Amino acid sequence: MGGNASGNQGESHITAEQARLDRADDGSEAWRDWGPYVAERAWGSVREDYSADGDAWASFPHDHARSRAYRWNEDGMAGFSDLDQNWCLALSLWNGVDPILKERMFGLTGPEGNHGEDVKDYWWYLDGTPTHSWNTWRYHYPQSPFPYDDLVETNAARGKLEAEYELVDTGVFDDSRYWVVTVDYAKDGPHDLLMQITVENAGPDAATLHILPTLWFRNTWSWGYDAVAPRIGMEDGRVVARSDRAGTLVLTGEGLAGELTGEDEPTPLFCDNETNIARLYGQPNGPAHPKDGINDHVVDGADTVNPALEGTKAALHYTVTLGAQESRVIRVRLTRAGEGADADTEAETQAPVQDVAGGFDAVVAARRAEADEFYAALEPAGIHPDEARVLRQAIAGLLWSKQFFHFNVKQWLDGDPGSPPPPPERASVRNAQWRHLNAHDVILMPDPWEYPWFAAWDLAFHCVTIAHVDPAFAKSQLVLMLREWYMHPSGQLPAYEWNFSDVNPPTHAWAAVQVFLLDGGTDMTFLARVFHKLLMNFTWWTNNKDHGDNNLYEGGFMGLDNIAPLDRSKLPPEIGVLEQADSTAWMAMYALDLLEIALRLATNDKAYEDVATKFIEHFLRIAASANGSGLWDEEDAYFYDVLHLADGRDVPLKVRSLVGLVPVVASLAYRGPEVPVLTEFQARTVWFLENNPELREALHRRDDEDGHRNFLLALVSPERLERVLAKVFDEHGLLSAHGIRGVSAYHRDHPFSVEVGGETATVDYEPAESTTGLFGGNSNWRGPVWFPLNVLLIEALRDYAAHDVTESRVEFPLGSGELVTLGEAADAVSERLISLFLPGPDGRRPADARYELLSTDPRWKDNIFFYEYFDGDTGAGLGASHQTGWTALVAHLILTRGR
């Protein structure tokens with residue numbers, strides 16, 4: 001129950017960014033209203049899938065994206081919007097040879113990729129502040145034709161034993177023939193947004209680039225609800241956008257007012273954000289200037305933009321020709337009428353003339369300097385510049401992953417009055433039991449392209465990291481998932497968009513405790529809000545996932561897809577029941593987290609004392625069952641799932657994996673002085689243990705030098721822990737050079753097999769991408785390093801260390817002869833994880849070492865990717881390349897180092 005702290009200690013100076021954040025928190029200034037809430041991909045998502053078979057990728061492919069209006073949310077490159085995504089501002093590009101504008105990132109669908117869906121573009125989120133007063137985005141755009149067909153065809157020809165075919169493999173970056181495009185956003189007020197676009201020709205020859213900053217309204221009028229569409233038009237040399245939802249917006253761009261001459265002046269282009277039904281469906285009488293009108297005009301010279309200079313989508317078309325290594329800056333500004341620095345405050349409807357010359361540069365410089373000041377105050381004293389870069393970009397990626405998520409499941413199932421009714425088969429495909437779910441919020445997403453939808457257990461980890469810079473937002477996110485328009489009436493939390501009913505580890509309570517502590521440990525109202533709803537969720541788990549009412553849990557998927565020999569979510573009942581070591585341990589951890597919350601609340605309100613006794617008793621019963629009912633293997637000194645076959649036989653699934661490591665994270669250390677007034681709780685606990693002596697093994701007590709009694713509640717006893725850690729800290733087992741593997745390397749030479757229902761199921765060690773598709777097309781838990789459970793293990797070891805007055809020692813790594821305390825072991829694992837992103841002796845970051853271009857080229861090497869997971873042998877980054885969500889936990893590790 002110790003506290004957390006980060007940043008330079010003793011600092012009393014409030015930075016400019018922190019002052020803005022404080023005003024946003026108290027409601028005096030709406031600094032969060034505008035932000036990078038636009039996804040990098042909206043096509044291929046469940047929300048846009050109106051098919052009968054539920055094949056979201058095929059229902060809305062990339063080829064439709066430029067021509068088809070989205071129903072629920074928008075996508076774009078370097079996009080900003082308001083909180084309700086009434087409007088969007090993003091960047092489009094054209095290199096003069098591509099078949100389409102570059103309006104969004106390209107990637108393979110799940111069925112197209114040999115290892116599942118995979119983005120095939122290179123961009124980075126380099127900087128950001130919590131109020132989005134400063135954000136930086138960077139993209140590398142080939143000057144040769146983008147190899148769309150090559151990427152699809154070559155990957156289709158590769159099997160699971162081959163590596164993914166990436167954009168750099170195609171040769172389009174050879175001889176540095178590409179554009180470096182950087183977008184800096186700076187706010188001069190909550191609703192005054194400056195967009196600075198810097199383009200550099202990295203190649204050896206002169207080249208031409210078309211740059212189109214684009215403003216459009218999200219289509220809210222084609223579905224039968226809004227009677228009148230908003231409009232965007234030209235007024236006095238400015239682009240003016242008028243909407244009942246968003247008010248009046250003014251877009252100005254450098255040269256638009258005539259201060260530039262000739263080809264430097266941008267050309268305003270207009271069309272409507274409506275579907276091109278002629279192109280997609282061969283239907284007549286579609287909009288005259290549909291969504292792809294600007295694309296067709298720029299690329300093909302087609303007469304598809306509105307000559308009247310109006311519509312619901314507008315772009316400023318700049319064309320620049322630059323010599324080798326030359327750069328050009330383009331300045332654009334978006335302001336809500338009446339709120340800009342030069343606004344005519346007497347008339348809200350009179351659009352102000354904005355300055356995109358002299359004053360623009362001063363604002364950009366100021367916001368950049370204030371962002372530097374903000375992060376300097378956050379960084380631990382003496383931090384190495386390489387680690388400071390990792391810290392800043394990890395948090396920036398998390399901030400850029402905040403996306404507007406709109407999904408009314410009832411409307412999606414029933415259809416809209418302005419559209420054809422959905423096929424009746426779709427109601428049986430997915431999410432029909434979640435008709436109450438009605439999302440219209442900005443949410444921290446796992447990834448803006450591969451996972452542009454919330455995942456409840458991912459979100460818990462996101463919140464812990466973001467709490468270091470914006471605890472109010474972190475708390476609001478945790479509360480959001482517990483609100484009645486998300487949480488099922490049964491108490492279940494929605495898992496993720498593809499299947500809200502799936503089951504993920506219950507990490508919400510753990511995250512709530514961490515965020516509470518990072519915020520100073522005083523916001524009891526927040527703790528109470530989450531606690532009351534989590535009681536419902538805990539009860540749902542107990543009622544639905546404890547098949548035998550024996551405190552052993554099933555769970556199923558539990559986020560660890562493909563880590564077991566069986567698909568744990570689809571075991572037929574005629575085969576048997578699988579009692580899971582990880583599910584049982586997650587529930588033990590859940591009980592401890594709720595116990596900690598109850599104890600903290602009870603210090604101010606004794607009404608919580610009774611429920612605290614409930615959770616300590618519940619934990620002790622789960623721990624006793626986990627340790628005494630076959631999950632623990634005494635000979636192997638490890639925890640395993642146990643398959644109870646219908647014929648009465650019990651089969652332990654002896655796979656040394658993260659499944660058997662989760663029991664270690666079910667621990668809680670607290671000092672007696674933190675609960676001095678809870679006499680009834682202490683008396684009840686003593687009575688309970690006296691009357692149930694067989695449950696005592698999970699509670700450990702010691703007295704410190706001050707005479708205070710300290711407690712450790714742990715599913716794994718300290719004695720068993722040392723034996724488990726021998727497996728964990730073995731570099732030929734679970735320990736890699738960069739963290740704890742998903743599956744032990746022991747299984748490289750000793751695969752585990754089991755016969756179930758007449759078929760043989762096998763698990764071996766695969767350090768990188770899985771070669772089987774046991775759980776969907778993207779099943780990769782078999783051997784790589786993942787951040788979430790690594791971080792939970794680190795936190796648990798620190799709990800054990802806090803209780804251990806004798807400072808017992810373990811060998812780290814096994815066979816080295818070096819003995820370390822549990823706290824030192826936690827720090828050592830943490831350093832291995834952090835090392836994934838730091839230049840090694842050869843100057844390469846292990847995560848990016850596969851490609852020399854990414855790891856050594858000056859234009860690339862300091863732009864850090866935060867991958868979904870990492871090769872268990874080499875540390876190479878794998879999976880989603882922008883999964884800054886839970887991989888941003890590296891920032892949490894840096895900020896809590898040595899805690």
# chains A, B, ... in the order shown; residues from 1 in each chain; ligands from 1
>>> select_by_dssp(residues="region 244-442 of chain A", states="strand (DSSP E or B)", output="VMD selection string")
chain A and resid 247 to 253 267 to 271 310 to 311 313 to 322 327 to 336 402 to 408 438 to 442
>>> write_last_selection(atoms="C-alpha atoms", output="compact mmCIF listing (two decimals), in the first residue's frame")
# COMPACT_ATOMS: atom_id res chain seq x y z
CA GLY A 247 -20.48 26.76 -34.35
CA THR A 248 -18.45 28.78 -36.84
CA LEU A 249 -14.90 27.77 -37.67
CA VAL A 250 -12.37 29.70 -39.74
CA LEU A 251 -9.50 28.03 -41.62
CA THR A 252 -6.74 30.17 -43.04
CA GLY A 253 -3.56 29.10 -44.73
CA THR A 267 -5.99 26.40 -54.33
CA PRO A 268 -9.09 25.85 -52.19
CA LEU A 269 -10.93 22.68 -53.21
CA PHE A 270 -14.39 21.60 -52.03
CA CYS A 271 -16.51 18.46 -52.14
CA GLU A 310 -18.66 25.03 -50.99
CA GLY A 311 -19.35 21.62 -49.51
CA LYS A 313 -15.08 18.89 -47.04
CA ALA A 314 -12.42 21.42 -48.03
CA ALA A 315 -8.68 21.31 -48.70
CA LEU A 316 -6.01 23.92 -49.31
CA HIS A 317 -3.96 22.51 -52.18
CA TYR A 318 -0.28 23.50 -52.03
CA THR A 319 2.24 22.28 -54.59
CA VAL A 320 5.92 22.57 -53.69
CA THR A 321 9.02 21.61 -55.63
CA LEU A 322 12.17 21.25 -53.57
CA SER A 327 12.68 22.09 -46.73
CA ARG A 328 9.52 24.17 -46.79
CA VAL A 329 7.15 25.23 -44.01
CA ILE A 330 3.41 25.74 -44.55
CA ARG A 331 1.31 27.45 -41.89
CA VAL A 332 -2.39 26.79 -41.35
CA ARG A 333 -4.69 28.02 -38.60
CA LEU A 334 -8.12 26.91 -37.42
CA THR A 335 -10.09 29.10 -35.03
CA ARG A 336 -13.57 29.11 -33.64
CA LYS A 402 -6.80 9.30 -27.51
CA GLN A 403 -9.58 8.79 -30.05
CA PHE A 404 -13.21 9.66 -30.45
CA PHE A 405 -15.14 6.40 -30.12
CA HIS A 406 -18.77 6.47 -31.21
CA PHE A 407 -20.84 3.28 -31.24
CA ASN A 408 -24.54 2.96 -30.43
CA ASN A 438 -23.89 3.67 -26.33
CA ALA A 439 -20.39 5.13 -26.59
CA HIS A 440 -19.72 8.73 -27.58
CA ASP A 441 -16.46 9.53 -25.86
CA VAL A 442 -12.76 10.19 -26.27
>>> closest_atom_pairs(of="region 591-665 of chain A", to="region 559-582 of chain A", cutoff="7 Å", atoms="only C-alpha atoms", output="CSV")
residue,atom,partner,partner_atom,distance
A:Leu631,CA,A:Ala581,CA,6.1
A:Phe639,CA,A:Ala581,CA,6.2
A:Tyr640,CA,A:Ala581,CA,5.7
A:Asp641,CA,A:Gln580,CA,4.5
A:Val642,CA,A:Glu579,CA,5.3
A:Leu643,CA,A:Leu578,CA,4.4
A:His644,CA,A:Val577,CA,5.2
A:Leu645,CA,A:Gly576,CA,4.2
A:Ala646,CA,A:Gly576,CA,4.7
A:Val659,CA,A:Asp582,CA,4.9
A:Gly660,CA,A:Ala581,CA,6.0
A:Val662,CA,A:Asp582,CA,5.3
A:Pro663,CA,A:Asp582,CA,6.6
>>> residues_around(residues="His738 (chain A)", least_positions_apart="6", cutoff="12 Å", atoms="only C-alpha atoms", output="JSON, numbers by chain")
{"A": [729, 731, 784, 785, 786, 787, 790, 828, 829, 830, 831, 832, 833, 834, 835, 836, 837, 838, 840, 845, 846, 847, 869, 870, 871, 872, 873, 874, 875, 876, 877, 890]}
>>> write_last_selection(atoms="C-alpha atoms", output="tab-separated table (two decimals), in the first residue's frame")
chain	number	residue	atom	x	y	z
A	729	PHE	CA	14.93	-16.07	-13.82
A	731	GLU	CA	17.64	-17.43	-19.28
A	784	PRO	CA	7.42	-12.97	-27.06
A	785	VAL	CA	7.88	-10.45	-24.27
A	786	TRP	CA	4.80	-8.41	-23.36
A	787	PHE	CA	4.82	-5.42	-21.04
A	790	ASN	CA	6.09	-8.00	-16.74
A	828	ALA	CA	16.72	-5.91	-13.00
A	829	VAL	CA	13.64	-7.07	-14.91
A	830	SER	CA	12.60	-3.43	-15.30
A	831	GLU	CA	15.99	-2.49	-16.77
A	832	ARG	CA	15.77	-5.33	-19.28
A	833	LEU	CA	12.40	-4.05	-20.48
A	834	ILE	CA	13.63	-0.47	-20.75
A	835	SER	CA	16.67	-1.66	-22.74
A	836	LEU	CA	14.39	-2.61	-25.64
A	837	PHE	CA	14.26	1.07	-26.60
A	838	LEU	CA	17.82	2.16	-25.80
A	840	GLY	CA	22.91	-1.03	-27.47
A	845	ARG	CA	17.76	-0.19	-30.37
A	846	PRO	CA	16.90	-3.91	-30.01
A	847	ALA	CA	13.26	-3.26	-30.91
A	869	TYR	CA	5.27	-7.29	-28.14
A	870	PHE	CA	8.92	-8.26	-28.65
A	871	ASP	CA	10.86	-11.27	-29.87
A	872	GLY	CA	11.72	-13.46	-26.89
A	873	ASP	CA	15.24	-14.05	-28.18
A	874	THR	CA	16.31	-10.83	-29.92
A	875	GLY	CA	13.93	-8.18	-28.58
A	876	ALA	CA	12.84	-7.22	-32.11
A	877	GLY	CA	9.54	-5.35	-32.14
A	890	VAL	CA	8.04	1.72	-20.26
>>> residues_around(residues="Tyr608 (chain A)", least_positions_apart="6", cutoff="9 Å", atoms="only C-alpha atoms", output="list in words")
Ala598, Leu599, Arg600, Leu601 and Ala602 of chain A
>>> write_last_selection(atoms="N, CA and C atoms", output="compact mmCIF listing (two decimals), in the first residue's frame")
# COMPACT_ATOMS: atom_id res chain seq x y z
N ALA A 598 -11.04 -0.86 -0.09
CA ALA A 598 -11.93 -0.82 1.07
C ALA A 598 -11.20 -0.34 2.31
N LEU A 599 -9.96 -0.79 2.52
CA LEU A 599 -9.20 -0.35 3.68
C LEU A 599 -8.95 1.15 3.64
N ARG A 600 -8.62 1.66 2.46
CA ARG A 600 -8.37 3.10 2.35
C ARG A 600 -9.65 3.90 2.57
N LEU A 601 -10.76 3.43 2.01
CA LEU A 601 -12.02 4.13 2.22
C LEU A 601 -12.47 4.05 3.68
N ALA A 602 -12.18 2.92 4.32
CA ALA A 602 -12.63 2.73 5.71
C ALA A 602 -11.93 3.66 6.68
>>> select_by_dssp(residues="region 652-826 of chain A", states="alpha helix (DSSP H)", output="PDB file with N, CA and C atoms, in the first residue's frame")
ATOM      1  N   VAL A 662       0.982 -15.713 -13.222  1.00  0.00           N
ATOM      2  CA  VAL A 662      -0.010 -14.765 -12.697  1.00  0.00           C
ATOM      3  C   VAL A 662      -0.229 -14.944 -11.193  1.00  0.00           C
ATOM      4  N   PRO A 663      -0.188 -16.180 -10.634  1.00  0.00           N
ATOM      5  CA  PRO A 663      -0.354 -16.289  -9.181  1.00  0.00           C
ATOM      6  C   PRO A 663       0.616 -15.423  -8.379  1.00  0.00           C
ATOM      7  N   VAL A 664       1.801 -15.167  -8.909  1.00  0.00           N
ATOM      8  CA  VAL A 664       2.772 -14.353  -8.175  1.00  0.00           C
ATOM      9  C   VAL A 664       2.284 -12.910  -8.032  1.00  0.00           C
ATOM     10  N   VAL A 665       1.507 -12.423  -8.999  1.00  0.00           N
ATOM     11  CA  VAL A 665       1.090 -11.014  -8.949  1.00  0.00           C
ATOM     12  C   VAL A 665      -0.048 -10.793  -7.948  1.00  0.00           C
ATOM     13  N   THR A 679     -10.393  -1.545  13.963  1.00  0.00           N
ATOM     14  CA  THR A 679     -10.352  -2.576  15.006  1.00  0.00           C
ATOM     15  C   THR A 679     -11.278  -3.737  14.686  1.00  0.00           C
ATOM     16  N   GLU A 680     -12.451  -3.451  14.127  1.00  0.00           N
ATOM     17  CA  GLU A 680     -13.382  -4.536  13.804  1.00  0.00           C
ATOM     18  C   GLU A 680     -12.812  -5.417  12.698  1.00  0.00           C
ATOM     19  N   PHE A 681     -12.179  -4.797  11.717  1.00  0.00           N
ATOM     20  CA  PHE A 681     -11.561  -5.558  10.636  1.00  0.00           C
ATOM     21  C   PHE A 681     -10.484  -6.479  11.202  1.00  0.00           C
ATOM     22  N   GLN A 682      -9.642  -5.953  12.083  1.00  0.00           N
ATOM     23  CA  GLN A 682      -8.572  -6.760  12.638  1.00  0.00           C
ATOM     24  C   GLN A 682      -9.127  -7.879  13.522  1.00  0.00           C
ATOM     25  N   ALA A 683     -10.129  -7.549  14.303  1.00  0.00           N
ATOM     26  CA  ALA A 683     -10.707  -8.570  15.177  1.00  0.00           C
ATOM     27  C   ALA A 683     -11.379  -9.668  14.367  1.00  0.00           C
ATOM     28  N   ARG A 684     -12.098  -9.280  13.306  1.00  0.00           N
ATOM     29  CA  ARG A 684     -12.775 -10.268  12.471  1.00  0.00           C
ATOM     30  C   ARG A 684     -11.754 -11.163  11.764  1.00  0.00           C
ATOM     31  N   THR A 685     -10.656 -10.583  11.309  1.00  0.00           N
ATOM     32  CA  THR A 685      -9.637 -11.372  10.622  1.00  0.00           C
ATOM     33  C   THR A 685      -9.024 -12.395  11.576  1.00  0.00           C
ATOM     34  N   VAL A 686      -8.732 -11.969  12.809  1.00  0.00           N
ATOM     35  CA  VAL A 686      -8.185 -12.895  13.812  1.00  0.00           C
ATOM     36  C   VAL A 686      -9.163 -14.032  14.073  1.00  0.00           C
ATOM     37  N   TRP A 687     -10.449 -13.677  14.250  1.00  0.00           N
ATOM     38  CA  TRP A 687     -11.463 -14.712  14.500  1.00  0.00           C
ATOM     39  C   TRP A 687     -11.555 -15.674  13.331  1.00  0.00           C
ATOM     40  N   PHE A 688     -11.559 -15.137  12.123  1.00  0.00           N
ATOM     41  CA  PHE A 688     -11.710 -15.959  10.926  1.00  0.00           C
ATOM     42  C   PHE A 688     -10.559 -16.966  10.815  1.00  0.00           C
ATOM     43  N   LEU A 689      -9.345 -16.523  11.055  1.00  0.00           N
ATOM     44  CA  LEU A 689      -8.198 -17.410  10.929  1.00  0.00           C
ATOM     45  C   LEU A 689      -8.156 -18.438  12.059  1.00  0.00           C
ATOM     46  N   GLU A 690      -8.596 -18.029  13.249  1.00  0.00           N
ATOM     47  CA  GLU A 690      -8.640 -18.996  14.345  1.00  0.00           C
ATOM     48  C   GLU A 690      -9.628 -20.116  14.058  1.00  0.00           C
ATOM     49  N   ASN A 691     -10.706 -19.770  13.355  1.00  0.00           N
ATOM     50  CA  ASN A 691     -11.731 -20.766  13.057  1.00  0.00           C
ATOM     51  C   ASN A 691     -11.508 -21.455  11.704  1.00  0.00           C
ATOM     52  N   PRO A 718       6.194 -16.941   0.351  1.00  0.00           N
ATOM     53  CA  PRO A 718       7.598 -16.586   0.090  1.00  0.00           C
ATOM     54  C   PRO A 718       8.471 -17.797  -0.188  1.00  0.00           C
ATOM     55  N   GLU A 719       8.187 -18.919   0.493  1.00  0.00           N
ATOM     56  CA  GLU A 719       8.996 -20.115   0.270  1.00  0.00           C
ATOM     57  C   GLU A 719       8.777 -20.664  -1.140  1.00  0.00           C
ATOM     58  N   ARG A 720       7.516 -20.740  -1.564  1.00  0.00           N
ATOM     59  CA  ARG A 720       7.235 -21.216  -2.923  1.00  0.00           C
ATOM     60  C   ARG A 720       7.716 -20.209  -3.969  1.00  0.00           C
ATOM     61  N   LEU A 721       7.667 -18.930  -3.617  1.00  0.00           N
ATOM     62  CA  LEU A 721       8.078 -17.906  -4.566  1.00  0.00           C
ATOM     63  C   LEU A 721       9.512 -18.128  -5.022  1.00  0.00           C
ATOM     64  N   GLU A 722      10.398 -18.452  -4.085  1.00  0.00           N
ATOM     65  CA  GLU A 722      11.799 -18.663  -4.453  1.00  0.00           C
ATOM     66  C   GLU A 722      11.929 -19.803  -5.451  1.00  0.00           C
ATOM     67  N   ARG A 723      11.105 -20.822  -5.317  1.00  0.00           N
ATOM     68  CA  ARG A 723      11.163 -21.948  -6.249  1.00  0.00           C
ATOM     69  C   ARG A 723      10.593 -21.556  -7.609  1.00  0.00           C
ATOM     70  N   VAL A 724       9.517 -20.779  -7.611  1.00  0.00           N
ATOM     71  CA  VAL A 724       8.945 -20.310  -8.877  1.00  0.00           C
ATOM     72  C   VAL A 724       9.935 -19.415  -9.608  1.00  0.00           C
ATOM     73  N   LEU A 725      10.604 -18.538  -8.859  1.00  0.00           N
ATOM     74  CA  LEU A 725      11.517 -17.588  -9.487  1.00  0.00           C
ATOM     75  C   LEU A 725      12.717 -18.272 -10.130  1.00  0.00           C
ATOM     76  N   ALA A 726      13.031 -19.473  -9.666  1.00  0.00           N
ATOM     77  CA  ALA A 726      14.108 -20.216 -10.324  1.00  0.00           C
ATOM     78  C   ALA A 726      13.735 -20.522 -11.766  1.00  0.00           C
ATOM     79  N   LYS A 727      12.430 -20.749 -12.009  1.00  0.00           N
ATOM     80  CA  LYS A 727      11.962 -20.931 -13.390  1.00  0.00           C
ATOM     81  C   LYS A 727      11.930 -19.597 -14.125  1.00  0.00           C
ATOM     82  N   VAL A 728      11.500 -18.557 -13.435  1.00  0.00           N
ATOM     83  CA  VAL A 728      11.317 -17.258 -14.062  1.00  0.00           C
ATOM     84  C   VAL A 728      12.653 -16.645 -14.453  1.00  0.00           C
ATOM     85  N   PHE A 787       4.599  -6.308 -22.173  1.00  0.00           N
ATOM     86  CA  PHE A 787       4.819  -5.423 -21.037  1.00  0.00           C
ATOM     87  C   PHE A 787       3.854  -5.638 -19.866  1.00  0.00           C
ATOM     88  N   PRO A 788       2.554  -5.852 -20.070  1.00  0.00           N
ATOM     89  CA  PRO A 788       1.624  -5.825 -18.920  1.00  0.00           C
ATOM     90  C   PRO A 788       1.987  -6.758 -17.786  1.00  0.00           C
ATOM     91  N   LEU A 789       2.169  -8.045 -18.071  1.00  0.00           N
ATOM     92  CA  LEU A 789       2.442  -8.974 -16.979  1.00  0.00           C
ATOM     93  C   LEU A 789       3.847  -8.795 -16.429  1.00  0.00           C
ATOM     94  N   ASN A 790       4.771  -8.337 -17.256  1.00  0.00           N
ATOM     95  CA  ASN A 790       6.092  -8.000 -16.739  1.00  0.00           C
ATOM     96  C   ASN A 790       5.992  -6.919 -15.667  1.00  0.00           C
ATOM     97  N   VAL A 791       5.201  -5.896 -15.944  1.00  0.00           N
ATOM     98  CA  VAL A 791       5.061  -4.797 -14.989  1.00  0.00           C
ATOM     99  C   VAL A 791       4.351  -5.271 -13.723  1.00  0.00           C
ATOM    100  N   LEU A 792       3.319  -6.093 -13.875  1.00  0.00           N
ATOM    101  CA  LEU A 792       2.631  -6.613 -12.691  1.00  0.00           C
ATOM    102  C   LEU A 792       3.571  -7.472 -11.847  1.00  0.00           C
ATOM    103  N   LEU A 793       4.431  -8.257 -12.489  1.00  0.00           N
ATOM    104  CA  LEU A 793       5.401  -9.061 -11.735  1.00  0.00           C
ATOM    105  C   LEU A 793       6.367  -8.162 -10.979  1.00  0.00           C
ATOM    106  N   ILE A 794       6.826  -7.108 -11.632  1.00  0.00           N
ATOM    107  CA  ILE A 794       7.741  -6.167 -10.974  1.00  0.00           C
ATOM    108  C   ILE A 794       7.079  -5.571  -9.739  1.00  0.00           C
ATOM    109  N   GLU A 795       5.825  -5.143  -9.876  1.00  0.00           N
ATOM    110  CA  GLU A 795       5.104  -4.563  -8.735  1.00  0.00           C
ATOM    111  C   GLU A 795       4.942  -5.588  -7.622  1.00  0.00           C
ATOM    112  N   ALA A 796       4.660  -6.842  -7.985  1.00  0.00           N
ATOM    113  CA  ALA A 796       4.474  -7.884  -6.967  1.00  0.00           C
ATOM    114  C   ALA A 796       5.774  -8.163  -6.225  1.00  0.00           C
ATOM    115  N   LEU A 797       6.878  -8.242  -6.943  1.00  0.00           N
ATOM    116  CA  LEU A 797       8.160  -8.486  -6.283  1.00  0.00           C
ATOM    117  C   LEU A 797       8.486  -7.361  -5.309  1.00  0.00           C
ATOM    118  N   ARG A 798       8.101  -6.155  -5.646  1.00  0.00           N
ATOM    119  CA  ARG A 798       8.325  -5.034  -4.721  1.00  0.00           C
ATOM    120  C   ARG A 798       7.434  -5.152  -3.498  1.00  0.00           C
ATOM    121  N   ASP A 799       6.229  -5.729  -3.660  1.00  0.00           N
ATOM    122  CA  ASP A 799       5.388  -5.999  -2.492  1.00  0.00           C
ATOM    123  C   ASP A 799       6.061  -7.020  -1.569  1.00  0.00           C
ATOM    124  N   TYR A 800       6.551  -8.102  -2.149  1.00  0.00           N
ATOM    125  CA  TYR A 800       7.246  -9.110  -1.349  1.00  0.00           C
ATOM    126  C   TYR A 800       8.456  -8.491  -0.656  1.00  0.00           C
ATOM    127  N   ALA A 801       9.196  -7.655  -1.389  1.00  0.00           N
ATOM    128  CA  ALA A 801      10.401  -7.045  -0.815  1.00  0.00           C
ATOM    129  C   ALA A 801      10.051  -6.113   0.337  1.00  0.00           C
ATOM    130  N   ALA A 802       8.918  -5.402   0.217  1.00  0.00           N
ATOM    131  CA  ALA A 802       8.522  -4.483   1.281  1.00  0.00           C
ATOM    132  C   ALA A 802       8.225  -5.220   2.576  1.00  0.00           C
ATOM    133  N   HIS A 803       7.827  -6.479   2.462  1.00  0.00           N
ATOM    134  CA  HIS A 803       7.484  -7.262   3.655  1.00  0.00           C
ATOM    135  C   HIS A 803       8.693  -8.013   4.212  1.00  0.00           C
ATOM    136  N   LEU A 822      14.737  -9.351  -3.632  1.00  0.00           N
ATOM    137  CA  LEU A 822      13.571  -9.342  -4.506  1.00  0.00           C
ATOM    138  C   LEU A 822      13.379  -7.971  -5.149  1.00  0.00           C
ATOM    139  N   GLY A 823      13.653  -6.927  -4.386  1.00  0.00           N
ATOM    140  CA  GLY A 823      13.556  -5.583  -4.952  1.00  0.00           C
ATOM    141  C   GLY A 823      14.569  -5.367  -6.053  1.00  0.00           C
ATOM    142  N   GLU A 824      15.781  -5.881  -5.858  1.00  0.00           N
ATOM    143  CA  GLU A 824      16.810  -5.761  -6.894  1.00  0.00           C
ATOM    144  C   GLU A 824      16.462  -6.599  -8.118  1.00  0.00           C
ATOM    145  N   ALA A 825      15.817  -7.740  -7.887  1.00  0.00           N
ATOM    146  CA  ALA A 825      15.359  -8.546  -9.023  1.00  0.00           C
ATOM    147  C   ALA A 825      14.294  -7.810  -9.822  1.00  0.00           C
ATOM    148  N   ALA A 826      13.376  -7.142  -9.120  1.00  0.00           N
ATOM    149  CA  ALA A 826      12.354  -6.345  -9.802  1.00  0.00           C
ATOM    150  C   ALA A 826      13.006  -5.257 -10.643  1.00  0.00           C
TER     151      ALA A 826
END
>>> residues_around(residues="region 444-449 of chain A", least_positions_apart="3", cutoff="10 Å", atoms="only C-alpha atoms", output="VMD selection string")
chain A and resid 37 to 43 75 104 to 107 117 to 119 397 to 405 441 452 to 463 466 473 to 474 477 866 to 868 880 to 888
>>> decode(residues="region 171-187 of chain A", atoms="C-alpha atoms", output="PDB file, in the first residue's frame")
ATOM      1  CA  GLY A 171      12.999  -0.679 -51.702  1.00  0.00           C
ATOM      2  CA  VAL A 172      10.957   2.524 -51.834  1.00  0.00           C
ATOM      3  CA  PHE A 173      13.291   4.192 -49.326  1.00  0.00           C
ATOM      4  CA  ASP A 174      16.482   3.326 -51.199  1.00  0.00           C
ATOM      5  CA  ASP A 175      18.752   6.310 -51.920  1.00  0.00           C
ATOM      6  CA  SER A 176      16.644   8.310 -49.424  1.00  0.00           C
ATOM      7  CA  ARG A 177      14.040   9.037 -52.064  1.00  0.00           C
ATOM      8  CA  TYR A 178      11.273  10.016 -49.694  1.00  0.00           C
ATOM      9  CA  TRP A 179       9.688  13.020 -48.052  1.00  0.00           C
ATOM     10  CA  VAL A 180      10.015  13.759 -44.343  1.00  0.00           C
ATOM     11  CA  VAL A 181       6.719  15.346 -43.319  1.00  0.00           C
ATOM     12  CA  THR A 182       6.388  16.825 -39.828  1.00  0.00           C
ATOM     13  CA  VAL A 183       3.205  18.339 -38.424  1.00  0.00           C
ATOM     14  CA  ASP A 184       3.427  20.506 -35.318  1.00  0.00           C
ATOM     15  CA  TYR A 185       0.209  21.604 -33.648  1.00  0.00           C
ATOM     16  CA  ALA A 186       0.271  24.534 -31.223  1.00  0.00           C
ATOM     17  CA  LYS A 187      -2.698  26.156 -29.522  1.00  0.00           C
TER      18      LYS A 187
END
